[in-house]
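What follows is the content of input_32.txt (compact mmCIF, C-alpha atoms).
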# COMPACT_ATOMS: atom_id res chain seq x y z
CA MET A 61 123.03 107.39 107.22
CA ASN A 62 120.18 108.09 109.62
CA ASN A 63 118.92 104.45 109.70
CA ILE A 64 118.31 104.41 105.96
CA ASP A 65 119.32 101.25 104.13
CA VAL A 66 120.96 102.51 100.96
CA SER A 67 122.87 99.36 100.07
CA SER A 68 121.26 99.23 96.63
CA GLU A 69 121.91 101.44 93.63
CA PHE A 70 118.15 101.91 93.21
CA LEU A 71 115.73 103.07 95.87
CA ALA A 72 112.00 103.55 96.13
CA VAL A 73 110.50 106.08 98.52
CA VAL A 74 106.92 105.18 99.33
CA LEU A 75 104.61 108.00 100.43
CA TYR A 76 101.55 107.39 102.57
CA GLN A 77 98.72 109.64 103.68
CA HIS A 78 98.73 108.32 107.25
CA ASP A 79 102.24 106.96 107.79
CA ALA A 80 105.84 108.16 107.45
CA PRO A 81 107.65 107.68 104.12
CA ARG A 82 109.55 104.43 103.75
CA VAL A 83 112.76 103.84 101.83
CA MET A 84 113.06 100.46 100.11
CA LYS A 85 115.81 98.88 98.04
CA LEU A 86 115.14 97.97 94.41
CA THR A 87 116.95 95.68 92.04
CA ALA A 88 117.98 97.01 88.63
CA ALA A 89 115.14 94.96 87.08
CA GLU A 90 112.57 96.43 89.48
CA ALA A 91 113.79 99.95 88.74
CA VAL A 92 112.52 99.62 85.15
CA ALA A 93 109.60 97.16 85.55
CA PRO A 94 106.06 98.33 84.72
CA SER A 95 104.93 97.19 88.17
CA ILE A 96 106.79 96.38 91.37
CA ARG A 97 105.88 94.91 94.73
CA LEU A 98 106.81 97.15 97.65
CA GLY A 99 105.89 95.77 101.04
CA GLU A 100 102.40 94.33 100.76
CA ALA A 101 101.29 96.34 97.72
CA ASP A 102 101.79 96.23 93.96
CA TYR A 103 102.70 99.59 92.44
CA LEU A 104 101.96 100.37 88.79
CA ASP A 105 103.99 102.76 86.67
CA SER A 106 102.21 106.09 86.13
CA GLY A 107 103.35 106.42 82.52
CA ALA A 108 105.31 109.62 83.31
CA GLY A 109 108.56 108.00 82.14
CA ASP A 110 111.86 107.76 83.99
CA TRP A 111 112.47 111.51 84.17
CA LEU A 112 110.43 113.45 86.70
CA GLY A 113 113.07 116.13 87.15
CA PHE A 114 116.21 116.61 89.19
CA TYR A 115 116.44 115.42 92.77
CA ASP A 116 118.65 116.29 95.71
CA TRP A 117 119.45 114.15 98.76
CA LEU A 118 118.71 116.26 101.80
CA ARG A 119 121.50 116.10 104.36
CA ASN A 120 121.82 117.48 107.86
CA HIS A 121 124.92 119.30 109.15
CA GLN A 122 126.51 115.92 110.03
CA GLY A 123 126.16 114.78 106.40
CA GLU A 124 123.44 112.21 107.14
CA VAL A 125 120.72 111.79 104.50
CA ILE A 126 117.44 112.86 106.10
CA GLY A 127 115.31 113.05 102.97
CA VAL A 128 115.08 113.77 99.29
CA GLN A 129 113.92 116.81 97.36
CA GLN A 130 112.22 116.14 94.03
CA TRP A 131 111.91 118.91 91.45
CA VAL A 132 108.89 117.81 89.38
CA ASP A 133 109.21 119.18 85.83
CA GLU A 134 105.65 118.32 84.76
CA THR A 135 103.53 119.12 87.81
CA SER A 136 100.45 117.42 86.34
CA THR A 137 102.21 114.04 86.76
CA PHE A 138 102.28 114.19 90.58
CA PRO A 139 99.15 114.21 92.81
CA PHE A 140 99.98 117.50 94.55
CA SER A 141 96.39 117.69 95.84
CA THR A 142 97.03 114.68 98.12
CA ARG A 143 98.74 115.28 101.47
CA PHE A 144 101.35 112.71 102.41
CA ASP A 145 102.95 112.39 105.87
CA GLY A 146 106.54 113.64 105.98
CA VAL A 147 106.17 115.56 102.72
CA GLU A 148 106.31 119.30 102.18
CA ALA A 149 104.91 120.22 98.77
CA ASN A 150 105.32 123.50 96.92
CA VAL A 151 102.91 123.21 94.01
CA LYS A 152 103.83 126.62 92.55
CA HIS A 153 107.45 125.56 92.06
CA GLY A 154 106.81 121.82 91.60
CA VAL A 155 108.97 120.82 94.56
CA LEU A 156 108.51 117.95 97.02
CA ARG A 157 110.59 117.70 100.17
CA ILE A 158 110.31 114.18 101.56
CA PHE A 159 111.69 113.63 105.05
CA PHE A 160 112.52 110.13 106.27
CA GLY A 161 112.20 111.01 109.98
CA GLN A 162 111.40 113.93 112.26
CA SER A 163 114.50 116.02 111.47
CA ARG A 164 113.97 119.02 109.19
CA GLU A 165 117.39 120.61 109.76
CA VAL A 166 118.71 120.60 106.19
CA ASP A 167 122.22 121.74 105.32
CA GLU A 168 121.31 123.37 102.01
CA GLY A 169 124.95 123.67 100.89
CA ASN A 170 125.47 119.92 101.25
CA SER A 171 122.13 118.98 99.66
CA CYS A 172 122.38 120.05 96.03
CA ASP A 173 123.19 116.87 94.11
CA GLN A 174 121.04 117.59 91.03
CA ASP A 175 120.76 113.84 90.41
CA PHE A 176 118.53 112.42 87.70
CA GLY A 177 117.60 109.16 86.02
CA SER A 178 115.63 106.06 86.97
CA ASN A 179 113.24 108.49 88.61
CA ARG A 180 109.72 107.17 88.19
CA LEU A 181 106.31 107.64 89.76
CA LEU A 182 104.21 104.58 90.64
CA PHE A 183 100.72 104.32 92.14
CA THR A 184 98.70 101.93 94.26
CA GLY A 185 95.56 102.80 96.17
CA GLU A 186 96.20 105.86 98.31
CA SER A 187 100.00 105.67 98.30
CA VAL A 188 102.61 106.51 95.69
CA ALA A 189 106.23 105.53 95.19
CA LEU A 190 109.08 107.45 93.64
CA THR A 191 112.18 105.63 92.39
CA PHE A 192 115.70 107.01 92.44
CA HIS A 193 119.14 106.00 91.18
CA ALA A 194 121.64 106.58 93.99
CA PRO A 195 124.83 104.53 93.59
CA TYR A 196 127.08 107.05 95.33
CA LEU A 197 125.04 106.87 98.54
CA ILE A 198 126.48 103.37 98.98
CA ALA A 199 130.00 104.81 98.97
CA GLU A 200 129.03 107.22 101.76
CA ARG A 201 128.24 104.39 104.20

Have the structure of the file written as structure tokens, please.
Amino acid sequence: MNNIDVSSEFLAVVLYQHDAPRVMKLTAAEAVAPSIRLGEADYLDSGAGDWLGFYDWLRNHQGEVIGVQQWVDETSTFPFSTRFDGVEANVKHGVLRIFFGQSREVDEGNSCDQDFGSNRLLFTGESVALTFHAPYLIAER
């Protein structure tokens, strides 16, 4: 799975302005907590709820997860004006493509999960975190 630890049903993807996105495991309790500690920082819930929109796990032609695509329903909830490393943002359509490494070779036909739920936005300083529910990714390992 492209060096991504997906051994938890809940994941957080942390976006940084000057560093690559990081994928971190969450417990079920963390997935719903008003604040969570990720790495060395405390992230606070944005108040946008647990529905940001649908999301798709971006896969390459070998089926490896190389990123996630977030369809943001309410574009005012996400700081589209901030540039994050490894993120391609389409403000007009409310779409974020978050890549976990250098690969951008997406197999579109194998990357349309339309997942939803436990999808939150959290803030701290200059970075943000998005949470995702992804139990089936464990089965793919």

Identify the residues around (104.6, 105.7, 80.9) within a radius of 12 Å, measuring from all atoms listed in the file in the coordinates stated by the file, and give them as a list in words.
->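 Here is the list of nearby residues: Val92, Ala93, Pro94, Ser95, Leu104, Asp105, Ser106, Gly107, Ala108, Gly109, Asp110, Trp111, Leu112, Thr137, Asn179, Arg180, Leu181, Leu182 and Phe183 of chain A.
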
Pull C-alpha atoms from the residues just selected and write them as an mmCIF file, in the frame of the given file.
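Wrote selection.cif, looks like this:
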data_model
loop_
_atom_site.group_PDB
_atom_site.id
_atom_site.type_symbol
_atom_site.label_atom_id
_atom_site.label_comp_id
_atom_site.auth_asym_id
_atom_site.auth_seq_id
_atom_site.Cartn_x
_atom_site.Cartn_y
_atom_site.Cartn_z
ATOM 1 C CA VAL A 92 112.520 99.620 85.150
ATOM 2 C CA ALA A 93 109.600 97.160 85.550
ATOM 3 C CA PRO A 94 106.060 98.330 84.720
ATOM 4 C CA SER A 95 104.930 97.190 88.170
ATOM 5 C CA LEU A 104 101.960 100.370 88.790
ATOM 6 C CA ASP A 105 103.990 102.760 86.670
ATOM 7 C CA SER A 106 102.210 106.090 86.130
ATOM 8 C CA GLY A 107 103.350 106.420 82.520
ATOM 9 C CA ALA A 108 105.310 109.620 83.310
ATOM 10 C CA GLY A 109 108.560 108.000 82.140
ATOM 11 C CA ASP A 110 111.860 107.760 83.990
ATOM 12 C CA TRP A 111 112.470 111.510 84.170
ATOM 13 C CA LEU A 112 110.430 113.450 86.700
ATOM 14 C CA THR A 137 102.210 114.040 86.760
ATOM 15 C CA ASN A 179 113.240 108.490 88.610
ATOM 16 C CA ARG A 180 109.720 107.170 88.190
ATOM 17 C CA LEU A 181 106.310 107.640 89.760
ATOM 18 C CA LEU A 182 104.210 104.580 90.640
ATOM 19 C CA PHE A 183 100.720 104.320 92.140
#

How would you write as an NGL selection string the residues that get within 12 Å of (104.5, 127.2, 91.2) in the file's frame, counting only C-alpha atoms?
-> :A and (131-136 or 140 or 149-156)

Please identify all polymer residues within 6 Å of stretch 81-91 of chain A, counting only C-alpha atoms, omitting same-chain residues fewer than 6 positions from it, and present them as a list in words.
->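 With the cut-off at 6 Å, the set is Ser68, Phe70, Leu71, Ala72, Val73, Val74, Leu75 and Phe160 of chain A.
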
Expected file: the selected residues, C-alpha atoms, as a PDB file, in the frame of the given file:
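Listed below is the output, again02.pdb:
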ATOM      1  CA  SER A  68     121.260  99.230  96.630  1.00  0.00           C
ATOM      2  CA  PHE A  70     118.150 101.910  93.210  1.00  0.00           C
ATOM      3  CA  LEU A  71     115.730 103.070  95.870  1.00  0.00           C
ATOM      4  CA  ALA A  72     112.000 103.550  96.130  1.00  0.00           C
ATOM      5  CA  VAL A  73     110.500 106.080  98.520  1.00  0.00           C
ATOM      6  CA  VAL A  74     106.920 105.180  99.330  1.00  0.00           C
ATOM      7  CA  LEU A  75     104.610 108.000 100.430  1.00  0.00           C
ATOM      8  CA  PHE A 160     112.520 110.130 106.270  1.00  0.00           C
TER       9      PHE A 160
END

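Note that atom CA of A:Tyr76 and atom CA of A:Ala101 are 12.1 Å apart.
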
Kindly provide, as JSON, the centre and edge lengths (Å, one decimal) of an axis-aligned box around all atoms of stretch 129-142 of chain A given in the file, with 6 Å on each side.
{"center_x": 105.2, "center_y": 116.6, "center_z": 91.4, "size_x": 29.5, "size_y": 17.1, "size_z": 25.4}

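Atom CA of A:Asp173 to atom CA of A:Arg157 spans 14.0 Å [interatomic distance, one decimal].
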
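Among the candidates A:Gln162, A:Thr142, A:Asn120, A:Ser171, the residue lying nearest to A:Ser187 is A:Thr142 (atoms considered: all atoms listed in the file).
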
Given all atoms listed in the file as the counted atoms, nearest of A:Phe144, A:Tyr103, A:Trp117, A:Phe138 to A:His193 |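 Ranked by minimum distance to A:His193, first place goes to A:Trp117.
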
Using all atoms listed in the file, determine which residues lie at most 6 Å from A:Arg119, disregarding the query and same-chain residues fewer than 2 positions distant; provide the list as a PDB file with C-alpha atoms, in the frame of the given file.
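Writing the result to result-v4.pdb gives the following:
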ATOM      1  CA  GLY A 123     126.160 114.780 106.400  1.00  0.00           C
ATOM      2  CA  GLU A 124     123.440 112.210 107.140  1.00  0.00           C
ATOM      3  CA  VAL A 125     120.720 111.790 104.500  1.00  0.00           C
ATOM      4  CA  ILE A 126     117.440 112.860 106.100  1.00  0.00           C
ATOM      5  CA  VAL A 166     118.710 120.600 106.190  1.00  0.00           C
ATOM      6  CA  ASP A 167     122.220 121.740 105.320  1.00  0.00           C
ATOM      7  CA  SER A 171     122.130 118.980  99.660  1.00  0.00           C
TER       8      SER A 171
END

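Atom to atom, atom CA of A:Phe114 and atom CA of A:Gln174 stand 5.3 Å apart.
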
Determine the nearest neighbour of A:Glu186 from the options A:Cys172, A:Gly146, A:Asp79, A:Arg97, counting all atoms listed in the file.
-> A:Asp79

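Of the listed residues A:Ala80, A:Asp116, A:Gln129, A:Gly99, the one whose atoms come nearest to A:Ile158 is A:Gln129, with distances taken using only C-alpha atoms.
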